[in-house]
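Novice: File name final_26.tsv; file contents TSV, C-alpha atoms and all ligand atoms; full text below.
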chain	number	residue	atom	x	y	z
A	155	MET	CA	-18.63	33.90	33.86
A	156	ASN	CA	-16.76	31.97	36.46
A	157	ASP	CA	-13.73	32.03	34.36
A	158	PHE	CA	-14.10	35.71	33.85
A	159	LYS	CA	-14.45	36.36	37.62
A	160	GLY	CA	-11.56	34.03	38.29
A	161	ASN	CA	-9.43	36.00	35.91
A	162	ILE	CA	-10.32	39.24	37.56
A	163	ALA	CA	-9.47	37.82	40.98
A	164	LEU	CA	-6.20	36.51	39.58
A	165	SER	CA	-5.27	39.80	38.07
A	166	ASN	CA	-6.17	41.62	41.30
A	167	THR	CA	-3.84	39.34	43.20
A	168	THR	CA	-1.20	39.95	40.54
A	169	VAL	CA	-1.77	43.67	40.78
A	170	SER	CA	-1.42	43.71	44.56
A	171	ALA	CA	1.65	41.45	44.40
A	172	THR	CA	3.11	43.81	41.79
A	173	ASN	CA	2.25	46.77	44.02
A	174	ALA	CA	3.97	45.20	46.98
A	175	ALA	CA	7.03	44.49	44.86
A	176	LEU	CA	7.06	48.06	43.57
A	177	VAL	CA	6.73	49.48	47.07
A	178	ALA	CA	9.67	47.37	48.23
A	179	LEU	CA	11.80	48.31	45.22
A	180	ARG	CA	11.03	52.00	45.67
A	181	GLU	CA	11.96	51.80	49.33
A	182	ARG	CA	15.26	50.24	48.28
A	183	ILE	CA	15.80	52.99	45.70
A	184	ASP	CA	15.05	55.65	48.33
A	185	ALA	CA	17.58	54.08	50.68
A	186	LEU	CA	20.21	53.94	47.93
A	187	ASP	CA	19.51	57.58	47.00
A	188	THR	CA	20.03	58.57	50.63
A	189	GLN	CA	23.38	56.80	50.60
A	190	MET	CA	24.36	58.37	47.29
A	191	LEU	CA	23.40	61.81	48.54
A	192	ALA	CA	25.68	61.44	51.53
A	193	LEU	CA	28.48	60.07	49.35
A	194	LEU	CA	28.14	62.84	46.78
A	195	ASN	CA	28.40	65.50	49.45
A	196	GLU	CA	31.32	63.74	51.05
A	197	ARG	CA	33.02	63.75	47.64
A	198	ALA	CA	32.20	67.46	47.25
A	199	ARG	CA	33.79	68.22	50.63
A	200	CYS	CA	36.94	66.37	49.51
A	201	ALA	CA	37.06	68.53	46.37
A	202	GLU	CA	36.77	71.65	48.55
A	203	GLU	CA	39.66	70.35	50.64
A	204	VAL	CA	41.67	69.76	47.45
A	205	ALA	CA	41.07	73.43	46.58
A	206	HIS	CA	42.37	74.60	49.99
A	207	THR	CA	45.41	72.36	49.65
A	208	LYS	CA	46.16	73.64	46.14
A	209	LEU	CA	45.80	77.27	47.29
A	210	ALA	CA	48.09	76.74	50.27
A	211	GLU	CA	50.79	75.55	47.87
A	212	ASP	CA	50.21	78.14	45.14
A	213	PRO	CA	47.90	81.16	45.51
A	214	LYS	CA	47.47	81.22	41.70
A	215	ALA	CA	46.72	77.48	41.48
A	216	LYS	CA	44.63	76.21	38.57
A	217	PHE	CA	41.86	74.02	39.89
A	218	TYR	CA	40.75	72.35	36.69
A	219	ARG	CA	42.89	69.27	36.07
A	220	PRO	CA	41.91	67.63	32.78
A	221	GLU	CA	44.36	64.76	33.22
A	222	ARG	CA	42.92	63.85	36.63
A	223	GLU	CA	39.36	64.02	35.29
A	224	ALA	CA	40.26	61.76	32.36
A	225	GLN	CA	41.85	59.26	34.78
A	226	ILE	CA	38.72	59.20	36.95
A	227	LEU	CA	36.44	58.62	33.96
A	228	THR	CA	38.66	55.89	32.54
A	229	ARG	CA	38.82	54.19	35.92
A	230	MET	CA	35.04	54.28	36.31
A	231	GLN	CA	34.63	52.73	32.86
A	232	SER	CA	37.04	49.96	33.70
A	233	LEU	CA	35.21	49.22	36.97
A	234	ASN	CA	31.75	49.45	35.45
A	235	GLN	CA	29.92	46.14	35.19
A	236	GLY	CA	26.55	47.49	34.11
A	237	PRO	CA	23.65	47.42	33.59
A	238	LEU	CA	24.42	51.14	33.07
A	239	ARG	CA	26.45	51.56	29.88
A	240	HIS	CA	29.95	53.07	29.89
A	241	GLU	CA	28.56	56.10	28.11
A	242	GLN	CA	25.96	56.72	30.82
A	243	ILE	CA	28.47	56.19	33.62
A	244	THR	CA	30.86	58.62	31.94
A	245	HIS	CA	28.10	61.18	31.55
A	246	LEU	CA	27.01	60.89	35.20
A	247	PHE	CA	30.56	61.14	36.54
A	248	ARG	CA	31.31	64.11	34.29
A	249	GLU	CA	28.40	65.95	35.88
A	250	ILE	CA	29.50	64.96	39.38
A	251	ILE	CA	33.07	66.13	38.70
A	252	ALA	CA	31.81	69.36	37.13
A	253	SER	CA	29.66	70.08	40.18
A	254	CYS	CA	32.60	69.42	42.52
A	255	LEU	CA	34.89	71.61	40.40
A	256	ALA	CA	32.28	74.39	40.52
A	257	LEU	CA	32.70	74.42	44.32
A	258	GLU	CA	36.44	75.00	43.81
A	259	GLU	CA	36.04	77.80	41.28
A	260	SER	CA	33.54	79.19	38.81
A	261	MET	CA	34.89	79.00	35.28
A	262	ARG	CA	33.67	80.68	32.16
A	263	ILE	CA	34.13	78.96	28.80
A	264	ALA	CA	33.94	80.65	25.38
A	265	TYR	CA	32.81	78.56	22.43
A	266	LEU	CA	32.08	79.00	18.76
A	267	GLY	CA	28.39	79.92	18.93
A	268	PRO	CA	25.66	80.77	18.61
A	269	GLU	CA	23.73	78.78	21.20
A	270	GLY	CA	22.41	75.51	19.84
A	271	THR	CA	25.50	74.53	17.81
A	272	PHE	CA	27.43	71.29	18.11
A	273	THR	CA	30.30	73.23	19.68
A	274	GLN	CA	27.94	74.17	22.53
A	275	GLU	CA	27.01	70.50	22.89
A	276	ALA	CA	30.71	69.57	23.02
A	277	THR	CA	31.33	72.26	25.66
A	278	PHE	CA	28.57	70.92	27.91
A	279	LYS	CA	29.69	67.35	27.31
A	280	HIS	CA	33.18	68.19	28.58
A	281	PHE	CA	32.54	70.78	31.30
A	282	GLY	CA	29.08	69.68	32.52
A	283	LEU	CA	25.71	71.27	31.95
A	284	ASN	CA	26.04	73.98	34.59
A	285	VAL	CA	29.22	75.67	33.43
A	286	ALA	CA	29.03	79.38	32.56
A	287	THR	CA	29.49	79.84	28.82
A	288	GLN	CA	30.13	82.65	26.40
A	289	PRO	CA	29.05	81.95	22.81
A	290	VAL	CA	31.10	84.03	20.32
A	291	ASP	CA	30.83	84.61	16.58
A	292	SER	CA	34.05	83.22	15.18
A	293	ILE	CA	37.00	80.93	15.88
A	294	PRO	CA	39.48	83.89	16.16
A	295	GLN	CA	37.11	85.46	18.68
A	296	VAL	CA	37.26	82.33	20.86
A	297	PHE	CA	41.06	82.66	20.89
A	298	ARG	CA	40.84	86.39	21.71
A	299	GLU	CA	38.46	85.84	24.65
A	300	VAL	CA	40.88	83.35	26.20
A	301	GLU	CA	43.97	85.47	25.45
A	302	ALA	CA	42.37	88.51	27.05
A	303	GLY	CA	41.54	86.48	30.16
A	304	ARG	CA	37.81	87.17	29.83
A	305	VAL	CA	37.22	83.41	29.96
A	306	ARG	CA	39.34	80.58	31.32
A	307	TYR	CA	39.10	78.20	28.34
A	308	GLY	CA	37.74	78.14	24.81
A	309	VAL	CA	36.23	75.35	22.71
A	310	VAL	CA	36.72	75.20	18.93
A	311	PRO	CA	36.11	72.46	16.33
A	312	ILE	CA	39.24	70.97	14.77
A	313	GLU	CA	38.16	68.11	12.51
A	314	ASN	CA	35.14	66.16	11.33
A	315	SER	CA	35.33	62.52	10.35
A	316	THR	CA	33.31	63.16	7.19
A	317	GLU	CA	34.33	66.69	6.23
A	318	GLY	CA	37.98	66.83	7.35
A	319	VAL	CA	40.07	69.45	9.13
A	320	ILE	CA	38.83	72.93	10.13
A	321	THR	CA	41.64	75.04	8.71
A	322	HIS	CA	40.49	78.22	10.51
A	323	THR	CA	41.39	76.62	13.83
A	324	LEU	CA	44.77	75.33	12.63
A	325	ASP	CA	45.70	78.74	11.25
A	326	MET	CA	44.94	80.44	14.57
A	327	PHE	CA	47.73	78.47	16.25
A	328	MET	CA	50.23	80.17	13.93
A	329	GLN	CA	49.38	83.54	15.52
A	330	SER	CA	48.38	82.58	19.03
A	331	GLY	CA	50.51	81.39	21.92
A	332	LEU	CA	47.59	79.53	23.52
A	333	ARG	CA	47.93	75.87	24.30
A	334	ILE	CA	45.69	72.89	23.76
A	335	CYS	CA	44.51	71.63	27.17
A	336	GLY	CA	42.08	68.96	26.07
A	337	GLU	CA	40.08	67.39	23.28
A	338	ILE	CA	36.42	66.46	23.04
A	339	SER	CA	35.06	63.86	20.70
A	340	LEU	CA	31.37	64.23	19.88
A	341	ARG	CA	29.22	61.83	17.88
A	342	ILE	CA	27.28	64.12	15.63
A	343	HIS	CA	23.61	63.22	15.51
A	344	GLN	CA	21.60	65.33	13.13
A	345	ASN	CA	17.95	66.03	13.92
A	346	LEU	CA	15.10	67.28	11.79
A	347	MET	CA	13.09	69.87	13.67
A	348	CYS	CA	10.17	72.12	12.89
A	349	ARG	CA	7.27	73.94	14.54
A	350	HIS	CA	4.65	71.24	13.92
A	351	ALA	CA	4.23	67.47	13.52
A	352	ASN	CA	3.55	67.61	9.79
A	353	TRP	CA	7.24	67.56	8.88
A	354	GLN	CA	6.72	65.57	5.67
A	355	SER	CA	5.03	68.57	4.06
A	356	VAL	CA	7.84	71.11	4.53
A	357	GLN	CA	9.11	72.83	1.41
A	358	LYS	CA	12.46	74.10	2.77
A	359	VAL	CA	15.19	72.62	4.92
A	360	TYR	CA	17.68	75.02	6.47
A	361	SER	CA	21.05	73.92	7.82
A	362	HIS	CA	24.78	74.46	7.68
A	363	ALA	CA	26.18	73.11	4.39
A	364	GLN	CA	28.14	70.42	6.26
A	365	SER	CA	25.02	69.14	8.01
A	366	LEU	CA	23.03	69.10	4.76
A	367	ALA	CA	25.86	67.10	3.20
A	368	GLN	CA	25.83	64.66	6.12
A	369	CYS	CA	22.10	63.96	5.59
A	370	ARG	CA	22.06	63.90	1.78
A	371	TYR	CA	20.64	60.37	1.33
A	372	TRP	CA	18.11	60.75	4.12
A	373	LEU	CA	16.82	63.95	2.52
A	374	ASP	CA	16.69	62.36	-0.96
A	375	LYS	CA	14.57	59.57	0.45
A	376	ASN	CA	12.38	61.37	2.97
A	377	LEU	CA	12.04	64.98	1.80
A	378	PRO	CA	12.74	64.91	-1.94
A	379	GLN	CA	10.44	67.90	-2.55
A	380	ALA	CA	12.12	70.22	-0.06
A	381	GLU	CA	14.66	72.81	-1.14
A	382	ARG	CA	17.94	72.56	0.84
A	383	ILE	CA	19.09	75.98	1.96
A	384	PRO	CA	22.60	76.29	3.44
A	385	VAL	CA	22.97	78.96	6.16
A	386	SER	CA	25.78	80.17	8.45
A	387	SER	CA	25.12	77.77	11.35
A	388	ASN	CA	22.67	75.12	12.47
A	389	ALA	CA	21.45	77.51	15.15
A	390	GLU	CA	20.65	80.11	12.47
A	391	ALA	CA	18.78	77.35	10.59
A	392	ALA	CA	16.70	76.63	13.69
A	393	ARG	CA	15.96	80.33	14.12
A	394	LEU	CA	14.75	80.59	10.50
A	395	ALA	CA	12.60	77.45	10.84
A	396	SER	CA	11.05	78.91	13.99
A	397	LEU	CA	9.64	81.74	11.86
A	398	ASP	CA	8.21	79.63	9.05
A	399	ASP	CA	5.70	76.74	9.09
A	400	THR	CA	6.78	75.60	5.61
A	401	ALA	CA	10.37	75.08	6.78
A	402	ALA	CA	12.37	72.64	8.91
A	403	ALA	CA	15.93	72.81	10.22
A	404	ILE	CA	18.62	70.19	10.66
A	405	GLY	CA	21.02	70.40	13.58
A	406	SER	CA	21.94	69.65	17.17
A	407	ARG	CA	19.13	68.66	19.53
A	408	GLN	CA	20.19	71.54	21.82
A	409	ALA	CA	18.79	73.97	19.25
A	410	ALA	CA	15.19	72.72	19.42
A	411	PRO	CA	14.14	74.10	22.85
A	412	ILE	CA	16.08	77.33	22.30
A	413	TYR	CA	14.10	78.12	19.15
A	414	GLY	CA	10.76	76.56	20.17
A	415	LEU	CA	11.00	73.66	17.71
A	416	GLN	CA	10.12	70.00	18.08
A	417	ILE	CA	12.44	67.22	17.05
A	418	MET	CA	10.49	65.23	14.46
A	419	GLN	CA	13.20	62.78	13.34
A	420	ASP	CA	16.45	62.07	15.15
A	421	SER	CA	19.79	60.58	14.05
A	422	ILE	CA	19.15	61.29	10.37
A	423	GLU	CA	22.86	61.47	9.46
A	424	ASP	CA	23.82	59.09	6.65
A	425	ASN	CA	26.98	57.90	8.42
A	426	PRO	CA	26.20	56.70	11.95
A	427	ASN	CA	29.87	57.08	12.98
A	428	ASN	CA	30.00	60.76	12.08
A	429	THR	CA	32.20	62.36	14.75
A	430	THR	CA	33.66	65.82	15.29
A	431	ARG	CA	36.72	66.51	17.37
A	432	PHE	CA	36.96	69.76	19.34
A	433	LEU	CA	39.89	71.33	21.20
A	434	VAL	CA	39.90	72.98	24.61
A	435	ILE	CA	42.31	75.93	24.45
A	436	GLY	CA	43.83	77.81	27.36
A	437	ASP	CA	47.16	78.74	28.88
A	438	GLN	CA	47.62	75.66	31.03
A	439	VAL	CA	50.35	73.05	30.81
A	440	VAL	CA	48.61	69.73	31.45
A	441	SER	CA	50.42	66.88	33.27
A	442	PRO	CA	50.44	63.34	31.84
A	443	SER	CA	47.26	61.29	32.31
A	444	GLY	CA	48.68	58.02	31.01
A	445	ASN	CA	46.75	58.21	27.73
A	446	ASP	CA	47.70	61.45	26.04
A	447	ARG	CA	48.08	63.13	22.71
A	448	THR	CA	50.59	65.83	21.78
A	449	SER	CA	50.00	68.38	19.03
A	450	LEU	CA	53.01	69.98	17.34
A	451	LEU	CA	53.45	72.87	14.94
A	452	VAL	CA	56.55	72.48	12.80
A	453	SER	CA	57.70	74.91	10.10
A	454	THR	CA	60.36	74.21	7.60
A	455	ARG	CA	61.82	75.60	4.37
A	456	ASN	CA	60.68	73.71	1.33
A	457	ARG	CA	63.74	71.78	0.19
A	458	PRO	CA	63.98	68.29	-1.30
A	459	GLY	CA	63.09	65.71	1.31
A	460	SER	CA	62.02	68.23	3.97
A	461	LEU	CA	58.96	66.22	5.02
A	462	TYR	CA	61.08	63.08	5.21
A	463	HIS	CA	63.52	64.89	7.54
A	464	LEU	CA	60.65	65.95	9.78
A	465	LEU	CA	59.14	62.51	10.04
A	466	LYS	CA	62.40	60.60	10.46
A	467	PRO	CA	62.99	61.68	14.11
A	468	LEU	CA	59.48	60.54	15.00
A	469	ALA	CA	59.95	57.13	13.41
A	470	GLU	CA	63.42	56.69	14.91
A	471	ASN	CA	62.11	57.41	18.41
A	472	GLY	CA	59.14	55.09	17.99
A	473	VAL	CA	56.61	57.92	18.19
A	474	ASP	CA	53.19	57.09	16.77
A	475	MET	CA	51.90	59.89	14.53
A	476	THR	CA	48.12	59.99	14.27
A	477	ARG	CA	47.64	63.01	12.00
A	478	ILE	CA	49.54	65.39	9.77
A	479	GLU	CA	48.17	68.50	8.06
A	480	SER	CA	50.14	70.98	6.02
A	481	ARG	CA	49.29	74.67	5.75
A	482	PRO	CA	51.02	77.47	3.87
A	483	SER	CA	53.06	79.33	6.49
A	484	ARG	CA	51.69	82.74	5.35
A	485	THR	CA	54.95	84.54	6.15
A	486	THR	CA	57.04	83.38	3.18
A	487	ASN	CA	55.77	81.85	-0.05
A	488	TRP	CA	56.41	78.13	-0.40
A	489	GLU	CA	57.24	77.66	3.23
A	490	TYR	CA	55.01	75.18	4.95
A	491	SER	CA	53.81	74.59	8.44
A	492	PHE	CA	52.88	71.11	9.51
A	493	PHE	CA	50.47	70.25	12.27
A	494	LEU	CA	51.28	66.86	13.73
A	495	ASP	CA	49.43	64.83	16.33
A	496	VAL	CA	51.38	62.10	18.08
A	497	ARG	CA	50.41	59.62	20.77
A	498	GLY	CA	51.96	60.32	24.18
A	499	HIS	CA	52.96	63.28	26.35
A	500	GLU	CA	55.78	65.75	25.76
A	501	GLN	CA	57.31	64.56	29.04
A	502	ASP	CA	57.63	61.00	27.61
A	503	ALA	CA	61.23	60.11	26.79
A	504	ALA	CA	60.35	59.05	23.22
A	505	ILE	CA	58.66	62.36	22.40
A	506	GLY	CA	61.44	64.30	24.16
A	507	GLY	CA	64.03	62.55	21.97
A	508	ALA	CA	62.01	63.15	18.81
A	509	LEU	CA	61.58	66.86	19.66
A	510	GLU	CA	65.29	67.30	20.22
A	511	ALA	CA	66.10	65.77	16.82
A	512	LEU	CA	63.28	67.71	15.14
A	513	ARG	CA	64.70	70.99	16.45
A	514	GLN	CA	67.91	70.27	14.48
A	515	GLU	CA	65.88	69.93	11.27
A	516	ALA	CA	63.12	72.51	11.38
A	517	GLU	CA	63.01	76.30	11.71
A	518	VAL	CA	60.13	76.21	14.18
A	519	VAL	CA	59.07	73.41	16.50
A	520	ARG	CA	56.29	74.30	18.91
A	521	VAL	CA	54.44	72.00	21.25
A	522	LEU	CA	50.84	73.21	21.04
A	523	GLY	CA	49.94	71.01	23.97
A	524	SER	CA	49.94	67.56	25.51
A	525	TYR	CA	46.49	66.60	26.73
A	526	PRO	CA	44.39	63.54	27.61
A	527	VAL	CA	42.85	61.64	24.70
A	528	ALA	CA	39.08	62.24	24.74
A	529	VAL	CA	37.28	59.84	27.08
A	530	MET	CA	34.20	58.90	25.06
B	1	LIG	C1	39.28	67.72	43.04
B	1	LIG	C2	40.15	68.15	42.15
B	1	LIG	O1	39.90	69.25	41.33
B	1	LIG	C3	39.06	69.21	40.20
B	1	LIG	C4	37.89	68.36	40.41
B	1	LIG	C5	37.99	67.01	40.22
B	1	LIG	C6	36.97	66.05	40.78
B	1	LIG	O2	35.92	66.49	41.22
B	1	LIG	O3	37.27	64.86	40.85
B	1	LIG	C7	39.06	66.50	39.46
B	1	LIG	C8	40.01	67.31	38.93
B	1	LIG	C9	39.91	68.77	39.01
B	1	LIG	O4	39.40	69.27	37.80
B	1	LIG	C10	41.47	67.48	41.97
B	1	LIG	O5	42.36	68.09	41.39
B	1	LIG	O6	41.60	66.34	42.42
Now that the file is in, can you turn its structure into structure tokens?
Ligand SMILES: C=C(O[C@@H]1C=C(C(=O)O)C=C[C@H]1O)C(=O)O

Specialist:
Amino acid sequence: MNDFKGNIALSNTTVSATNAALVALRERIDALDTQMLALLNERARCAEEVAHTKLAEDPKAKFYRPEREAQILTRMQSLNQGPLRHEQITHLFREIIASCLALEESMRIAYLGPEGTFTQEATFKHFGLNVATQPVDSIPQVFREVEAGRVRYGVVPIENSTEGVITHTLDMFMQSGLRICGEISLRIHQNLMCRHANWQSVQKVYSHAQSLAQCRYWLDKNLPQAERIPVSSNAEAARLASLDDTAAAIGSRQAAPIYGLQIMQDSIEDNPNNTTRFLVIGDQVVSPSGNDRTSLLVSTRNRPGSLYHLLKPLAENGVDMTRIESRPSRTTNWEYSFFLDVRGHEQDAAIGGALEALRQEAEVVRVLGSYPVAVM
């Protein structure tokens, strides 16, 4: 009995000591929040000042500066000593920057929709959660919205680490004069969602064919009885699953609340490094950030050694090529267009030299854009 009472007394003391510690910690957190609030608003006032300064210099000034944002995020990562992870710091600062930018101007961004797709997730990752967005039905439509000036920028997928390049996007650059202003790299986490907790009993799984392919082994193991039904987008899959208790959908976690579904299993992709790269398209020429990529479109007649002649100027100028894709040029049979990604900015001397030499070799050499390499 004594022991029992003693224990109670001990735990009461522990509880009140814990309480006192919690009270003190929460007071400290409140004080820090007060400081952060003041600092955030001071930062916001600086951004407003930046806007006035930009306008005084150029009444048509573009406020969004992707290279500056990338520099800020990279700097914060290099200063970060934890315990918050780089990813969390990046996320928080992205939202702070987006909120400051929103004070300078309100931007509208078109993306390949519908709502609940990974392209929407990429858009919010890059521009912050509060940006005004316009989901559209197709990649050409994203280009058209930007070209017509109905939105400031567009977001389209360009390549997936498992499934390869998205040729629709590449082909649009052959017709459009828009430039690439940025890239977004998104780790693709697939989620199984349905209306109820009894997910193991579903008979159908809806998703985009690519997502089904990315979860093949997980499905074999966990839902061998369910029929896999490919549909036009993951958002459409979520919509169909929201109408049917015998079905589940696979897709982006953004889709679940939109279609009234619950996420029953997350990160079910077979390859945990599955990443998709997206492009931000617009009409802006972006200044160097210090860690940039340049995308080129080069067309040439098909003659012996033509690819060698295109690549030689890059090698001779020490330019690091990170990607090459070839597409039929569509204007003349057996003429090819090459999409090249190189490290660096078009204002770098090495790339300038390579471009000059390339222009002697190829019929068409277009810089699609120099832009900051995706920061996380
Ligand atoms: C404040 C600026 O404008 C925008 C907002 C930024 C920010 O909040 O840090 C950074 C770059 C721009 O997109 C700026 O150009 O410095």

Novice: Would you mind listing what lies within 9 Å of Gln295 of chain A as a list in words, with all atoms listed in the file counted and same-chain residues fewer than 4 positions away left out?

Specialist: Ala264, Tyr265, Leu266, Val290, Asp291, Glu299 and Val300 of chain A

Novice: If we count all atoms listed in the file and set the cut-off at 10 Å, which residues sit around Leu415 of chain A, ignoring sequence neighbours fewer than 6 positions away in its own chain? Please answer as a ChimeraX atom specification.

Specialist: /A:346-350,392-393,395-396,402-403,407,409

Novice: Around ligand LIG 1 (chain B), at most 8 Å away and counting all atoms listed in the file, which residues are there? Put them as a PDB file with C-alpha atoms, keeping the file's coordinate frame, please.

Specialist:
ATOM      1  CA  ARG A 197      33.020  63.750  47.640  1.00  0.00           C
ATOM      2  CA  ALA A 198      32.200  67.460  47.250  1.00  0.00           C
ATOM      3  CA  CYS A 200      36.940  66.370  49.510  1.00  0.00           C
ATOM      4  CA  ALA A 201      37.060  68.530  46.370  1.00  0.00           C
ATOM      5  CA  GLU A 202      36.770  71.650  48.550  1.00  0.00           C
ATOM      6  CA  VAL A 204      41.670  69.760  47.450  1.00  0.00           C
ATOM      7  CA  ALA A 205      41.070  73.430  46.580  1.00  0.00           C
ATOM      8  CA  PHE A 217      41.860  74.020  39.890  1.00  0.00           C
ATOM      9  CA  TYR A 218      40.750  72.350  36.690  1.00  0.00           C
ATOM     10  CA  ARG A 219      42.890  69.270  36.070  1.00  0.00           C
ATOM     11  CA  PRO A 220      41.910  67.630  32.780  1.00  0.00           C
ATOM     12  CA  GLU A 221      44.360  64.760  33.220  1.00  0.00           C
ATOM     13  CA  ARG A 222      42.920  63.850  36.630  1.00  0.00           C
ATOM     14  CA  GLU A 223      39.360  64.020  35.290  1.00  0.00           C
ATOM     15  CA  ILE A 226      38.720  59.200  36.950  1.00  0.00           C
ATOM     16  CA  ILE A 250      29.500  64.960  39.380  1.00  0.00           C
ATOM     17  CA  ILE A 251      33.070  66.130  38.700  1.00  0.00           C
ATOM     18  CA  ALA A 252      31.810  69.360  37.130  1.00  0.00           C
ATOM     19  CA  SER A 253      29.660  70.080  40.180  1.00  0.00           C
ATOM     20  CA  CYS A 254      32.600  69.420  42.520  1.00  0.00           C
ATOM     21  CA  LEU A 255      34.890  71.610  40.400  1.00  0.00           C
ATOM     22  CA  GLU A 258      36.440  75.000  43.810  1.00  0.00           C
TER      23      GLU A 258
END

Novice: For a quick check of understanding, using all atoms listed in the file, which of A:Leu340, A:Arg382, A:Gly472, A:Ala503 has the smallest distance to Phe272 of chain A?

Specialist: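 Among the listed residues, A:Leu340 lies closest to Phe272 of chain A.
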
Novice: At what distance in Å, to one decimal, does atom CA of Gly436 of chain A lie from atom CA of Leu494 of chain A?

Specialist: 19.0 Å

Novice: Go through A:Leu433, A:Val440, A:Val519, A:Ala508 and flag the residue nearest Leu468 of chain A, using all atoms listed in the file for the distances.

Specialist: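 The shortest atom-to-atom distance to Leu468 of chain A comes from A:Ala508.
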
Novice: Taking into account all atoms listed in the file, which residue in the set A:Leu397, A:Val285, A:Met230, A:Ile417 is nearest to Leu257 of chain A?

Specialist: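 Under the stated criterion, the closest residue is A:Val285.
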
Novice: Atom CA of Phe278 of chain A to atom CA of Leu332 of chain A: how many Å, to one decimal?

Specialist: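 Computing the Euclidean distance for atom CA of Phe278 of chain A and atom CA of Leu332 of chain A yields 21.3 Å.
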
Novice: For atom CA of Leu394 of chain A and atom CA of Gln408 of chain A, quote the distance in Å rounded to one decimal.

Specialist: 15.5 Å

Novice: Counting only C-alpha atoms, note down every residue that has an atom within 6 Å of the point (54.7, 64.7, 30.4) (file coordinates), as an MDAnalysis selection string.

Specialist: chainID A and resid 441:442 499:502

Novice: Can you write out as JSON lines which residues of segment 454-513 of chain A fall within 9 Å of segment 307-331 of chain A, alongside each residue's closest atom pair and its distance in Å to one decimal, counting all atoms listed in the file and ordering rows by chain and ascending residue number?

Specialist:
{"residue": "A:Glu479", "atom": "CA", "partner": "A:Val319", "partner_atom": "CA", "distance": 8.2}
{"residue": "A:Arg481", "atom": "CA", "partner": "A:Asp325", "partner_atom": "CA", "distance": 7.7}
{"residue": "A:Ser483", "atom": "CA", "partner": "A:Met328", "partner_atom": "CA", "distance": 8.0}
{"residue": "A:Ser491", "atom": "CA", "partner": "A:Met328", "partner_atom": "CA", "distance": 8.6}
{"residue": "A:Phe493", "atom": "CA", "partner": "A:Leu324", "partner_atom": "CA", "distance": 7.6}

Novice: Residues at most 8 Å from Thr400 of chain A, counting all atoms listed in the file, excluding those fewer than 2 positions away in the same chain, as a CSV table (one decimal) with C-alpha atoms, in the frame of the given file?

Specialist:
chain,number,residue,atom,x,y,z
A,355,SER,CA,5.0,68.6,4.1
A,356,VAL,CA,7.8,71.1,4.5
A,357,GLN,CA,9.1,72.8,1.4
A,358,LYS,CA,12.5,74.1,2.8
A,398,ASP,CA,8.2,79.6,9.0
A,402,ALA,CA,12.4,72.6,8.9

Novice: Taking only C-alpha atoms into account, name the residue in A:Met261, A:Ala389, A:Thr476, A:Leu464 that is nearest to Ala286 of chain A.

Specialist: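 Ranked by minimum distance to Ala286 of chain A, first place goes to A:Met261.
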
Novice: Would you list the residues near (31.9, 64.3, 20.3) (no more than 6 Å away, in the coordinates of the file, using all atoms listed in the file) as JSON, numbers by chain?

Specialist: {"A": [338, 339, 340, 341, 429, 430]}

Novice: Could you save those same residues with C-alpha atoms as a PDB file, keeping the file's coordinate frame?

Specialist:
ATOM      1  CA  ILE A 338      36.420  66.460  23.040  1.00  0.00           C
ATOM      2  CA  SER A 339      35.060  63.860  20.700  1.00  0.00           C
ATOM      3  CA  LEU A 340      31.370  64.230  19.880  1.00  0.00           C
ATOM      4  CA  ARG A 341      29.220  61.830  17.880  1.00  0.00           C
ATOM      5  CA  THR A 429      32.200  62.360  14.750  1.00  0.00           C
ATOM      6  CA  THR A 430      33.660  65.820  15.290  1.00  0.00           C
TER       7      THR A 430
END

Novice: For each of A:Ile505, A:Ile334, A:Ala380, A:Val518, take the minimum atom-to-atom distance to Val434 of chain A, counting all atoms listed in the file, then give the residue where this is smallest.

Specialist: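 Selected residue with least distance to Val434 of chain A: A:Ile334.
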
Novice: Rank A:Asp495, A:Arg431, A:Ala516, A:Ile412 by their smallest atom-to-atom distance to Asn456 of chain A, using all atoms listed in the file, and report the top residue only.

Specialist: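 Closest to Asn456 of chain A, using all atoms listed in the file: A:Ala516.
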